[in-house]
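**Q** Pasting protein-v1.pdb here (PDB, C-alpha atoms):
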```pdb
ATOM      1  CA  MET O  68     105.335 107.339 118.002
ATOM      2  CA  LYS O  69     102.898 107.930 120.786
ATOM      3  CA  THR O  70     103.697 108.845 124.356
ATOM      4  CA  ALA O  71     101.913 106.231 126.440
ATOM      5  CA  LEU O  72     100.271 106.686 129.816
ATOM      6  CA  VAL O  73     102.855 104.633 131.613
ATOM      7  CA  SER O  74     105.622 106.699 133.133
ATOM      8  CA  LEU O  75     108.526 105.259 131.176
ATOM      9  CA  ILE O  76     106.944 105.899 127.796
ATOM     10  CA  ALA O  77     105.328 109.170 128.785
ATOM     11  CA  THR O  78     108.728 110.753 129.158
ATOM     12  CA  VAL O  79     109.587 110.537 125.478
ATOM     13  CA  GLY O  80     106.736 108.977 123.486
ATOM     14  CA  PHE O  81     109.061 106.331 122.158
ATOM     15  CA  LEU O  82     110.532 103.003 123.138
ATOM     16  CA  ALA O  83     112.855 100.682 121.282
ATOM     17  CA  CYS O  84     114.275  97.219 121.353
ATOM     18  CA  SER O  85     116.425  95.308 118.909
ATOM     19  CA  GLY O  86     118.106  92.012 118.351
ATOM     20  CA  LEU O  87     117.366  88.712 116.700
ATOM     21  CA  SER O  88     118.590  85.308 117.718
ATOM     22  CA  PRO O  89     118.290  82.059 115.760
ATOM     23  CA  ALA O  90     115.734  79.487 116.767
ATOM     24  CA  GLU O  91     116.760  77.724 119.958
ATOM     25  CA  PRO O  92     116.775  73.915 120.517
ATOM     26  CA  ASP O  93     113.062  73.878 121.359
ATOM     27  CA  ALA O  94     112.180  75.201 117.903
ATOM     28  CA  GLU O  95     110.348  72.001 116.985
ATOM     29  CA  GLY O  96     108.111  72.346 120.021
ATOM     30  CA  ALA O  97     107.549  75.987 119.151
ATOM     31  CA  ARG O  98     106.693  75.049 115.576
ATOM     32  CA  SER O  99     104.099  72.550 116.779
ATOM     33  CA  ARG O 100     102.570  75.118 119.098
ATOM     34  CA  GLY O 101     102.524  77.709 116.318
ATOM     35  CA  ALA O 102     100.779  75.272 113.989
ATOM     36  CA  ALA O 103      98.135  74.607 116.646
ATOM     37  CA  HIS O 104      97.619  78.354 117.127
ATOM     38  CA  LEU O 105      97.313  78.887 113.386
ATOM     39  CA  ALA O 106      94.727  76.099 113.105
ATOM     40  CA  GLU O 107      92.632  77.650 115.886
ATOM     41  CA  ILE O 108      92.840  81.129 114.370
ATOM     42  CA  THR O 109      91.980  80.020 110.847
ATOM     43  CA  ALA O 110      89.004  78.041 112.140
ATOM     44  CA  GLN O 111      87.242  81.387 112.619
ATOM     45  CA  PRO O 112      84.449  81.944 110.047
ATOM     46  CA  TRP O 113      86.002  85.207 108.866
ATOM     47  CA  LEU O 114      89.283  83.442 108.046
ATOM     48  CA  ALA O 115      87.913  80.596 105.932
ATOM     49  CA  ASP O 116      90.344  81.353 103.074
ATOM     50  CA  TRP O 117      93.239  80.743 105.463
ATOM     51  CA  LYS O 118      92.366  77.190 106.488
ATOM     52  CA  GLY O 119      95.312  74.972 105.715
ATOM     53  CA  ALA O 120      97.773  77.894 105.752
ATOM     54  CA  SER O 121     101.347  77.039 106.692
ATOM     55  CA  LEU O 122     104.128  78.530 108.805
ATOM     56  CA  SER O 123     107.657  79.249 107.593
ATOM     57  CA  GLU O 124     110.808  81.101 108.653
ATOM     58  CA  LEU O 125     110.270  80.425 112.349
ATOM     59  CA  ARG O 126     112.581  82.495 114.557
ATOM     60  CA  LEU O 127     112.951  83.639 118.128
ATOM     61  CA  VAL O 128     112.893  87.429 118.403
ATOM     62  CA  GLU O 129     114.358  89.055 121.500
ATOM     63  CA  GLN O 130     115.529  92.496 122.463
ATOM     64  CA  LYS O 131     119.177  93.236 123.089
ATOM     65  CA  LYS O 132     120.410  94.660 126.365
ATOM     66  CA  GLY O 133     121.910  98.097 126.892
ATOM     67  CA  LEU O 134     119.530 100.193 124.779
ATOM     68  CA  ALA O 135     118.558 103.643 125.977
ATOM     69  CA  TRP O 136     114.789 102.995 125.810
ATOM     70  CA  PRO O 137     114.049  99.282 126.235
ATOM     71  CA  THR O 138     110.400  98.260 126.209
ATOM     72  CA  GLY O 139     110.916  95.193 128.363
ATOM     73  CA  LEU O 140     108.964  93.030 125.927
ATOM     74  CA  PRO O 141     110.025  89.392 126.402
ATOM     75  CA  PRO O 142     111.304  87.091 123.639
ATOM     76  CA  ALA O 143     108.660  85.834 121.233
ATOM     77  CA  TRP O 144     108.371  83.267 118.483
ATOM     78  CA  TRP O 145     107.683  84.786 115.075
ATOM     79  CA  ALA O 146     106.771  83.061 111.795
ATOM     80  CA  LYS O 147     105.499  83.943 108.358
ATOM     81  CA  VAL O 148     102.130  82.573 107.245
ATOM     82  CA  THR O 149     101.150  81.667 103.674
ATOM     83  CA  ASN O 150      97.798  80.349 102.461
ATOM     84  CA  GLN O 151      96.951  78.296  99.370
ATOM     85  CA  LYS O 152      96.286  81.447  97.336
ATOM     86  CA  GLY O 153      99.753  82.774  98.074
ATOM     87  CA  ASN O 154      98.561  85.477 100.463
ATOM     88  CA  LYS O 155     101.039  86.387 103.195
ATOM     89  CA  GLY O 156     100.839  87.160 106.885
ATOM     90  CA  TYR O 157     102.572  86.456 110.165
ATOM     91  CA  LEU O 158     101.940  84.938 113.579
ATOM     92  CA  ALA O 159     103.704  85.628 116.900
ATOM     93  CA  TRP O 160     103.373  83.830 120.223
ATOM     94  CA  ASP O 161     104.974  83.837 123.657
ATOM     95  CA  SER O 162     108.189  81.865 124.038
ATOM     96  CA  GLU O 163     107.508  81.429 127.763
ATOM     97  CA  GLY O 164     104.632  80.394 130.011
ATOM     98  CA  GLU O 165     101.577  79.063 128.187
ATOM     99  CA  GLY O 166     102.877  80.215 124.815
ATOM    100  CA  GLN O 167      99.764  82.256 123.988
ATOM    101  CA  VAL O 168      99.346  84.089 120.705
ATOM    102  CA  ILE O 169     100.651  87.660 120.878
ATOM    103  CA  GLU O 170      99.483  88.897 117.493
ATOM    104  CA  PHE O 171      98.797  87.990 113.884
ATOM    105  CA  ALA O 172      97.939  89.670 110.604
ATOM    106  CA  PHE O 173      96.940  88.538 107.123
ATOM    107  CA  ASP O 174      97.571  90.874 104.181
ATOM    108  CA  VAL O 175      94.032  90.780 102.745
ATOM    109  CA  SER O 176      90.629  92.420 103.158
ATOM    110  CA  LEU O 177      88.412  90.593 105.638
ATOM    111  CA  ASN O 178      84.724  90.701 106.451
ATOM    112  CA  VAL O 179      84.743  90.444 110.245
ATOM    113  CA  ASN O 180      81.237  90.502 111.641
ATOM    114  CA  GLY O 181      80.072  87.843 114.061
ATOM    115  CA  PRO O 182      79.366  87.047 117.705
ATOM    116  CA  ASP O 183      83.065  86.611 118.556
ATOM    117  CA  ALA O 184      84.654  89.224 116.308
ATOM    118  CA  LYS O 185      83.781  92.500 114.635
ATOM    119  CA  ALA O 186      85.747  95.040 112.632
ATOM    120  CA  LEU O 187      84.868  98.274 110.895
ATOM    121  CA  THR O 188      85.778  99.015 107.295
ATOM    122  CA  GLY O 189      86.505 102.402 105.777
ATOM    123  CA  VAL O 190      89.266 103.596 108.124
ATOM    124  CA  PRO O 191      92.063 104.508 105.696
ATOM    125  CA  ALA O 192      95.506 103.142 106.522
ATOM    126  CA  LEU O 193      97.557 106.309 106.159
ATOM    127  CA  GLN O 194     101.263 105.594 106.611
ATOM    128  CA  GLN O 195     103.676 107.970 108.309
ATOM    129  CA  PHE O 196     105.464 110.272 105.887
ATOM    130  CA  ALA O 197     108.412 112.677 105.895
ATOM    131  CA  ILE O 198     107.881 116.346 106.759
ATOM    132  CA  PRO O 199     110.648 118.865 105.930
ATOM    133  CA  GLN O 200     112.202 120.776 108.830
ATOM    134  CA  GLY O 201     113.868 124.155 108.888
ATOM    135  CA  ASP O 202     117.310 122.556 108.719
ATOM    136  CA  GLY O 203     116.337 120.698 105.546
ATOM    137  CA  LYS O 204     116.319 117.295 107.225
ATOM    138  CA  PRO O 205     113.022 115.393 107.216
ATOM    139  CA  ILE O 206     111.154 114.304 110.323
ATOM    140  CA  ALA O 207     108.436 111.639 110.464
ATOM    141  CA  SER O 208     104.839 112.812 110.612
ATOM    142  CA  GLY O 209     104.516 110.734 113.802
ATOM    143  CA  CYS O 210     102.097 107.992 114.756
ATOM    144  CA  VAL O 211      99.937 110.241 116.962
ATOM    145  CA  PRO O 212      98.686 112.741 114.339
ATOM    146  CA  THR O 213      98.874 110.184 111.517
ATOM    147  CA  SER O 214      96.560 107.734 113.276
ATOM    148  CA  ALA O 215      94.253 110.613 114.155
ATOM    149  CA  ALA O 216      94.023 111.599 110.487
ATOM    150  CA  SER O 217      92.889 108.074 109.615
ATOM    151  CA  VAL O 218      90.088 108.229 112.174
ATOM    152  CA  LEU O 219      89.058 111.774 111.225
ATOM    153  CA  ALA O 220      88.907 110.720 107.577
ATOM    154  CA  TYR O 221      86.462 107.996 108.614
ATOM    155  CA  TRP O 222      84.248 110.594 110.289
ATOM    156  CA  ILE O 223      84.443 112.856 107.224
ATOM    157  CA  ASP O 224      82.900 110.003 105.226
ATOM    158  CA  HIS O 225      80.409 109.113 107.968
ATOM    159  CA  GLY O 226      78.358 112.209 108.644
ATOM    160  CA  TYR O 227      80.843 115.033 109.210
ATOM    161  CA  PRO O 228      82.154 116.252 105.818
ATOM    162  CA  GLN O 229      82.914 119.671 107.343
ATOM    163  CA  TRP O 230      85.782 118.102 109.256
ATOM    164  CA  ARG O 231      87.777 118.048 106.024
ATOM    165  CA  GLY O 232      88.190 121.804 106.383
ATOM    166  CA  ASP O 233      91.086 123.138 104.361
ATOM    167  CA  ALA O 234      92.712 119.737 103.824
ATOM    168  CA  GLY O 235      91.488 119.772 100.222
ATOM    169  CA  GLY O 236      92.555 117.107  97.764
ATOM    170  CA  GLU O 237      95.505 116.178  99.982
ATOM    171  CA  ALA O 238      93.013 115.113 102.613
ATOM    172  CA  LEU O 239      94.951 112.589 104.681
ATOM    173  CA  PRO O 240      98.370 114.279 104.729
ATOM    174  CA  GLY O 241      96.606 117.606 105.191
ATOM    175  CA  LEU O 242      94.634 116.330 108.172
ATOM    176  CA  THR O 243      97.803 114.881 109.664
ATOM    177  CA  LYS O 244      99.677 118.174 109.371
ATOM    178  CA  ARG O 245      96.746 120.123 110.799
ATOM    179  CA  ILE O 246      96.443 117.924 113.890
ATOM    180  CA  ARG O 247     100.226 117.744 114.197
ATOM    181  CA  ALA O 248     100.447 121.534 114.361
ATOM    182  CA  ARG O 249      98.243 121.429 117.471
ATOM    183  CA  LEU O 250     100.560 119.020 119.314
ATOM    184  CA  ASN O 251     103.798 119.410 121.195
ATOM    185  CA  MET O 252     105.788 116.891 119.170
ATOM    186  CA  ASP O 253     109.005 115.392 120.551
ATOM    187  CA  ALA O 254     111.768 114.815 117.992
ATOM    188  CA  ILE O 255     113.466 111.451 118.537
ATOM    189  CA  PRO O 256     116.627 110.479 116.614
ATOM    190  CA  ASP O 257     116.351 107.061 114.992
ATOM    191  CA  LYS O 258     119.480 105.333 116.270
ATOM    192  CA  ASP O 259     118.163 101.783 115.988
ATOM    193  CA  GLY O 260     116.910 101.470 112.415
ATOM    194  CA  TYR O 261     113.170 101.979 112.611
ATOM    195  CA  THR O 262     113.288 103.855 109.314
ATOM    196  CA  ASP O 263     115.517 102.606 106.521
ATOM    197  CA  GLY O 264     117.098 106.022 106.092
ATOM    198  CA  GLY O 265     117.450 106.918 109.762
ATOM    199  CA  MET O 266     114.812 109.663 109.579
ATOM    200  CA  THR O 267     114.117 111.506 112.836
ATOM    201  CA  LEU O 268     110.987 110.172 114.548
ATOM    202  CA  ALA O 269     108.331 112.109 116.448
ATOM    203  CA  GLY O 270     106.013 111.464 119.401
ATOM    204  CA  ALA O 271     103.281 113.098 121.468
ATOM    205  CA  ARG O 272     100.919 112.288 124.354
ATOM    206  CA  PRO O 273      97.469 110.714 123.962
ATOM    207  CA  GLU O 274      96.031 113.306 126.360
ATOM    208  CA  ASP O 275      97.259 116.102 124.092
ATOM    209  CA  LEU O 276      95.843 114.338 121.059
ATOM    210  CA  ALA O 277      92.379 114.071 122.594
ATOM    211  CA  ARG O 278      92.446 117.815 123.299
ATOM    212  CA  ALA O 279      93.735 118.625 119.814
ATOM    213  CA  ILE O 280      90.932 116.631 118.219
ATOM    214  CA  GLN O 281      88.365 118.439 120.364
ATOM    215  CA  VAL O 282      89.729 121.864 119.420
ATOM    216  CA  ASP O 283      89.894 120.960 115.735
ATOM    217  CA  ALA O 284      86.318 119.674 115.807
ATOM    218  CA  GLY O 285      85.115 122.837 117.544
ATOM    219  CA  GLU O 286      86.698 125.120 114.971
ATOM    220  CA  ARG O 287      84.950 123.245 112.171
ATOM    221  CA  HIS O 288      81.597 122.912 113.946
ATOM    222  CA  VAL O 289      81.812 119.143 114.204
ATOM    223  CA  PRO O 290      79.487 118.118 117.093
ATOM    224  CA  VAL O 291      81.623 115.443 118.762
ATOM    225  CA  ILE O 292      83.270 114.890 122.123
ATOM    226  CA  SER O 293      86.815 113.505 122.294
ATOM    227  CA  THR O 294      87.820 111.794 125.547
ATOM    228  CA  VAL O 295      90.851 109.782 126.677
ATOM    229  CA  GLY O 296      91.066 107.089 129.338
ATOM    230  CA  ARG O 297      92.589 103.767 130.190
ATOM    231  CA  PHE O 298      92.096 101.010 127.659
ATOM    232  CA  ARG O 299      89.200  98.672 128.416
ATOM    233  CA  PHE O 300      88.185  95.846 126.107
ATOM    234  CA  GLU O 301      84.515  96.432 126.922
ATOM    235  CA  THR O 302      84.809 100.073 125.865
ATOM    236  CA  LEU O 303      86.411  99.021 122.592
ATOM    237  CA  GLN O 304      83.575  96.565 121.949
ATOM    238  CA  SER O 305      80.991  99.241 122.656
ATOM    239  CA  GLU O 306      82.603 101.798 120.347
ATOM    240  CA  ILE O 307      83.105  99.351 117.477
ATOM    241  CA  GLY O 308      79.543  98.108 117.927
ATOM    242  CA  ALA O 309      78.352 101.696 117.548
ATOM    243  CA  GLY O 310      80.374 102.136 114.356
ATOM    244  CA  ARG O 311      83.020 104.361 115.913
ATOM    245  CA  PRO O 312      86.770 103.699 115.469
ATOM    246  CA  VAL O 313      89.011 104.666 118.374
ATOM    247  CA  LEU O 314      92.613 105.724 118.903
ATOM    248  CA  LEU O 315      94.765 103.410 120.987
ATOM    249  CA  GLY O 316      98.085 103.707 122.792
ATOM    250  CA  CYS O 317     100.137 100.522 122.934
ATOM    251  CA  VAL O 318     103.608  99.010 123.216
ATOM    252  CA  VAL O 319     104.186  96.696 120.265
ATOM    253  CA  ARG O 320     106.789  95.159 118.019
ATOM    254  CA  LEU O 321     107.179  96.335 114.434
ATOM    255  CA  PRO O 322     105.665  93.610 112.236
ATOM    256  CA  GLN O 323     108.177  94.224 109.439
ATOM    257  CA  LYS O 324     111.072  94.450 111.935
ATOM    258  CA  PRO O 325     109.960  92.466 115.009
ATOM    259  CA  GLN O 326     113.395  92.845 116.589
ATOM    260  CA  LEU O 327     112.299  96.447 117.246
ATOM    261  CA  SER O 328     109.456  97.652 119.461
ATOM    262  CA  TRP O 329     108.099 100.971 120.652
ATOM    263  CA  GLY O 330     105.312 102.983 122.209
ATOM    264  CA  HIS O 331     102.808 103.513 119.418
ATOM    265  CA  GLU O 332      99.472 105.204 118.618
ATOM    266  CA  VAL O 333      97.129 103.425 116.207
ATOM    267  CA  ALA O 334      93.557 103.406 114.940
ATOM    268  CA  GLY O 335      91.438 100.741 116.672
ATOM    269  CA  VAL O 336      88.933  99.209 114.274
ATOM    270  CA  GLY O 337      87.933  95.844 115.740
ATOM    271  CA  TRP O 338      87.942  93.182 118.420
ATOM    272  CA  ALA O 339      88.010  89.394 118.471
ATOM    273  CA  LYS O 340      87.817  86.525 120.942
ATOM    274  CA  ILE O 341      89.642  83.372 119.884
ATOM    275  CA  GLY O 342      89.587  80.659 122.489
ATOM    276  CA  ASP O 343      90.468  82.272 125.807
ATOM    277  CA  VAL O 344      92.427  85.148 124.231
ATOM    278  CA  ARG O 345      91.039  88.585 123.375
ATOM    279  CA  PHE O 346      92.497  90.620 120.522
ATOM    280  CA  VAL O 347      92.308  94.207 119.301
ATOM    281  CA  GLY O 348      92.138  94.902 115.572
ATOM    282  CA  ILE O 349      94.162  97.912 114.474
ATOM    283  CA  VAL O 350      95.075  99.848 111.354
ATOM    284  CA  ASP O 351      98.792 100.537 111.754
ATOM    285  CA  ASN O 352     100.429 103.700 110.380
ATOM    286  CA  PHE O 353     103.894 102.073 110.304
ATOM    287  CA  TYR O 354     103.139  98.775 108.583
ATOM    288  CA  PRO O 355     103.596  98.684 104.798
ATOM    289  CA  VAL O 356     101.271  96.081 103.259
ATOM    290  CA  GLU O 357      99.944  95.237  99.818
ATOM    291  CA  ASN O 358      96.299  95.484 100.886
ATOM    292  CA  PRO O 359      95.523  98.778 102.666
ATOM    293  CA  ALA O 360      92.587  97.162 104.505
ATOM    294  CA  THR O 361      94.918  94.783 106.359
ATOM    295  CA  ILE O 362      94.248  94.577 110.107
ATOM    296  CA  ARG O 363      96.794  93.688 112.791
ATOM    297  CA  TRP O 364      95.249  91.627 115.589
ATOM    298  CA  ILE O 365      97.122  92.158 118.864
ATOM    299  CA  ARG O 366      96.482  90.682 122.318
ATOM    300  CA  ILE O 367      94.851  93.139 124.703
ATOM    301  CA  ASP O 368      97.740  93.379 127.189
ATOM    302  CA  ALA O 369      99.661  95.542 124.688
ATOM    303  CA  PHE O 370      97.225  98.466 125.089
ATOM    304  CA  ASP O 371      97.106 101.184 127.723
ATOM    305  CA  SER O 372      95.028 104.159 126.479
ATOM    306  CA  LEU O 373      91.874 104.711 124.439
ATOM    307  CA  ILE O 374      90.593 107.896 122.813
ATOM    308  CA  ALA O 375      86.902 107.779 121.955
ATOM    309  CA  ILE O 376      85.216 110.239 119.577
ATOM    310  CA  ARG O 377      81.460 110.283 120.113
ATOM    311  CA  PRO O 378      78.607 112.485 118.831
ATOM    312  CA  ALA O 379      77.869 115.283 121.278
ATOM    313  CA  PRO O 380      74.535 115.009 123.140
ATOM    314  CA  LYS O 381      71.805 117.037 121.493
ATOM    315  CA  ASP O 382      70.280 119.875 123.496
TER     316      ASP O 382
END
```
If you convert what's in this file into structure tokens, what do you get?
**A**
Amino acid sequence: MKTALVSLIATVGFLACSGLSPAEPDAEGARSRGAAHLAEITAQPWLADWKGASLSELRLVEQKKGLAWPTGLPPAWWAKVTNQKGNKGYLAWDSEGEGQVIEFAFDVSLNVNGPDAKALTGVPALQQFAIPQGDGKPIASGCVPTSAASVLAYWIDHGYPQWRGDAGGEALPGLTKRIRARLNMDAIPDKDGYTDGGMTLAGARPEDLARAIQVDAGERHVPVISTVGRFRFETLQSEIGAGRPVLLGCVVRLPQKPQLSWGHEVAGVGWAKIGDVRFVGIVDNFYPVENPATIRWIRIDAFDSLIAIRPAPKD
């Protein structure tokens, strides 16, 4: 988990919500709205294989009251998506107001490169993994260093092979552990079922991550500058246009368990404009999928911080 730049999340680097209610009486209206959203999304040139896809298992997801770290995310409609080839995905939209799309994902590789959407390829989707502790109980690697390892691995393959350092053949886990060792990680007991086995979770601050990346780059003579700031869609567009993935802080639901949500750090790999809504494309380190190139597309209001890694100016 990441510690966001908003005060509530910054305290612990973790937020949670839980609870699932059955579809309410307006489910038919919600289903119609979801179908309209799906038609608009799949009309995009980069989603041609998803035209005619259908929704199923519609449900209203809402957080329960009384949790120690509620995110405050409102109820949302959630549905599975299936196309004619049998590929799977999901779609979520607001249950209130204008009912805008919140997020969607399709478990396939996509070529996203056009005037209204662009995404990078080659950012590996490393998933969080268990790290042994002194007491013998495992703790999660944490979203902050795990997402950083994905982005660093991209840079290793795009001009900076020296950044691999001593990671060796275990490159991604090794990079994660190396960055993790530079961070002040908060241990967070999993009392709400984020992990199936109740493994202890871990979080850290985006500001600390930006510094850790800079120190790690300096020790390995990687000429880059790592900076952190507030999320701006225009900055994301600029970085993706320059071929540079970013690291993003956000508050999101878990796609595989949407009754739960948290403060999260992810690799930002793309952007899209669909109708009047702007989306951020991410590679998620806590989202098990069949295709490792799967991108989650999430509305921009979920994001609060952005870490950019840029080549250092030449003397």
**Q** Could you tell me how far CA of Pro205 in chain O sits from CA of Arg247 in chain O, in Å to one decimal place?
**A** 14.8 Å
**Q** Rank O:Tyr157, O:Trp230, O:Phe196, O:Phe353 by their smallest atom-to-atom distance to Gly285 in chain O, using all atoms listed in the file, and report the top residue only.
**A**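 Result for the nearest residue to Gly285 in chain O: O:Trp230.
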**Q** Using Å and a single decimal, report how far CA of Asn352 in chain O sits from CA of Ala254 in chain O.
**A**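 CA of Asn352 in chain O lies at a distance of 17.6 Å from CA of Ala254 in chain O.
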**Q** Looking at all atoms listed in the file, which of O:Pro199, O:Ala309, O:Ala146, O:Asp233 is the one that sits closest to Glu286 in chain O?
**A**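 For Glu286 in chain O, the nearest of the candidates is O:Asp233.
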**Q** Name every residue that the PyMOL selection byres ((chain O and resi 217) around 9) selects in this structure, writing the answer as a PyMOL selection string with chains first and numbers rising.
**A** chain O and resi 190-193+212-216+218-221+239+242-243+334+350+352
**Q** Report the residues retrieved by the PyMOL selection byres ((chain O and resi 144) around 10) from the displayed file, expressed as a list in words.
**A** Ala90, Ala94, Ala97, Arg98, Gly101, Leu125, Arg126, Leu127, Val128, Glu129, Pro142, Ala143, Trp145, Ala146, Leu158, Ala159, Trp160, Asp161, Ser162, Glu163, Gly166, Val168, Ile169 and Pro325 of chain O
**Q** Mind giving me the straight-line distance from CA of Met266 in chain O to CA of Gln195 in chain O in Å, one decimal?
**A**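 Spanning CA of Met266 in chain O to CA of Gln195 in chain O is a straight-line distance of 11.3 Å.
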**Q** Excluding Gly335 in chain O and its own-chain neighbours fewer than 6 positions away, which residues fall within 10 Å of it when counting all atoms listed in the file? Please give them as number ranges by chain.
**A** O: 186-187, 190, 214, 218, 303, 306-307, 311-316, 347-351, 362-364, 373-375
**Q** With C-alpha atoms retained, could you export that selection as an mmCIF file, in the coordinates of the input?
**A**
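Below is the file that was written, result15.cif:
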```cif
data_model
loop_
_atom_site.group_PDB
_atom_site.id
_atom_site.type_symbol
_atom_site.label_atom_id
_atom_site.label_comp_id
_atom_site.auth_asym_id
_atom_site.auth_seq_id
_atom_site.Cartn_x
_atom_site.Cartn_y
_atom_site.Cartn_z
ATOM 1 C CA ALA O 186 85.747 95.040 112.632
ATOM 2 C CA LEU O 187 84.868 98.274 110.895
ATOM 3 C CA VAL O 190 89.266 103.596 108.124
ATOM 4 C CA SER O 214 96.560 107.734 113.276
ATOM 5 C CA VAL O 218 90.088 108.229 112.174
ATOM 6 C CA LEU O 303 86.411 99.021 122.592
ATOM 7 C CA GLU O 306 82.603 101.798 120.347
ATOM 8 C CA ILE O 307 83.105 99.351 117.477
ATOM 9 C CA ARG O 311 83.020 104.361 115.913
ATOM 10 C CA PRO O 312 86.770 103.699 115.469
ATOM 11 C CA VAL O 313 89.011 104.666 118.374
ATOM 12 C CA LEU O 314 92.613 105.724 118.903
ATOM 13 C CA LEU O 315 94.765 103.410 120.987
ATOM 14 C CA GLY O 316 98.085 103.707 122.792
ATOM 15 C CA VAL O 347 92.308 94.207 119.301
ATOM 16 C CA GLY O 348 92.138 94.902 115.572
ATOM 17 C CA ILE O 349 94.162 97.912 114.474
ATOM 18 C CA VAL O 350 95.075 99.848 111.354
ATOM 19 C CA ASP O 351 98.792 100.537 111.754
ATOM 20 C CA ILE O 362 94.248 94.577 110.107
ATOM 21 C CA ARG O 363 96.794 93.688 112.791
ATOM 22 C CA TRP O 364 95.249 91.627 115.589
ATOM 23 C CA LEU O 373 91.874 104.711 124.439
ATOM 24 C CA ILE O 374 90.593 107.896 122.813
ATOM 25 C CA ALA O 375 86.902 107.779 121.955
#
```
**Q** Which residues would end up in the selection if the PyMOL selection byres ((chain O and resi 122) around 8) were applied here, given that I need the answer as an MDAnalysis selection string?
**A** chainID O and resid 101:102 120:121 123:125 146:149
**Q** May I have the residues within 8 Å of Asp257 in chain O as a ChimeraX atom specification, using all atoms listed in the file and disregarding those fewer than 4 positions away in the same chain?
**A** /O:261-262,265-268
**Q** Using only C-alpha atoms, which residue out of O:Leu105, O:Ile376, O:Ile198, O:Ala369 lies closest to Thr138 in chain O?
**A** O:Ala369
**Q** Would you list the contacts of Val344 in chain O as a ChimeraX atom specification, taking every protein, DNA or RNA residue within 12 Å and counting all atoms listed in the file, but skipping same-chain residues closer than 4 positions in sequence?
**A** /O:104,107-108,160,165-170,183-184,300,338-340,364-368
**Q** Let me make sure I understand: among O:Lys185, O:Lys152, O:Arg287, O:Lys324, which one has the smallest atom-to-atom distance to Gln111 in chain O if we use all atoms listed in the file?
**A**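 Comparing O:Lys185, O:Lys152, O:Arg287, O:Lys324 against Gln111 in chain O, the winner is O:Lys185.
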